[in-house]
Amino acid sequence: MRTQLHPDKPYGLVWEMNGGPVLAGEINRKGACRELREEAGLRCARLREKRFYK
């Protein structure tokens with residue numbers, strides 16, 4: 001996800017890539033929802049895991 005830094009912070013209005021690790025014992029969906037909430041203030045209503053195979 002890309003977000004824009006707050007204008008009052010250093011490098012204000014610069015775009016950045018957000019994200020962080022899944023915590024120990026946390027499933028992927030929970031980690032993704034937690035990161036969305038922490039980084040962008042968004043809440044997940046429904047999030048399904050997408051699996052990709054080669």
# chains A, B, ... in the order shown; residues from 1 in each chain; ligands from 1
$ residues_around --residues "stretch 33-44 of chain A" --least-positions-apart "5" --cutoff "12 Å" --atoms "only C-alpha atoms" --output "VMD selection string"
chain A and resid 1 to 6 16 to 23 26 to 28 49
$ atom_distance --atom1 "atom CA of A:Tyr11" --atom2 "atom CA of A:Ala32"
25.8 Å
$ select_by_dssp --residues "chain A" --states "alpha helix (DSSP H)" --output "PDB file with C-alpha atoms, in the first residue's frame"
ATOM      1  CA  ASN A  28      -1.897 -13.669   7.427  1.00  0.00           C
ATOM      2  CA  ARG A  29      -5.381 -12.107   7.261  1.00  0.00           C
ATOM      3  CA  LYS A  30      -5.153 -10.780  10.812  1.00  0.00           C
ATOM      4  CA  GLY A  31      -1.703  -9.358  10.097  1.00  0.00           C
ATOM      5  CA  ALA A  32      -2.905  -7.657   6.916  1.00  0.00           C
ATOM      6  CA  CYS A  33      -5.908  -6.126   8.701  1.00  0.00           C
ATOM      7  CA  ARG A  34      -3.749  -4.973  11.601  1.00  0.00           C
ATOM      8  CA  GLU A  35      -1.265  -3.321   9.215  1.00  0.00           C
ATOM      9  CA  LEU A  36      -4.079  -1.571   7.303  1.00  0.00           C
ATOM     10  CA  ARG A  37      -5.451  -0.240  10.591  1.00  0.00           C
ATOM     11  CA  GLU A  38      -2.041   0.855  11.914  1.00  0.00           C
ATOM     12  CA  GLU A  39      -0.694   2.390   8.716  1.00  0.00           C
ATOM     13  CA  ALA A  40      -3.770   3.874   7.054  1.00  0.00           C
TER      14      ALA A  40
END
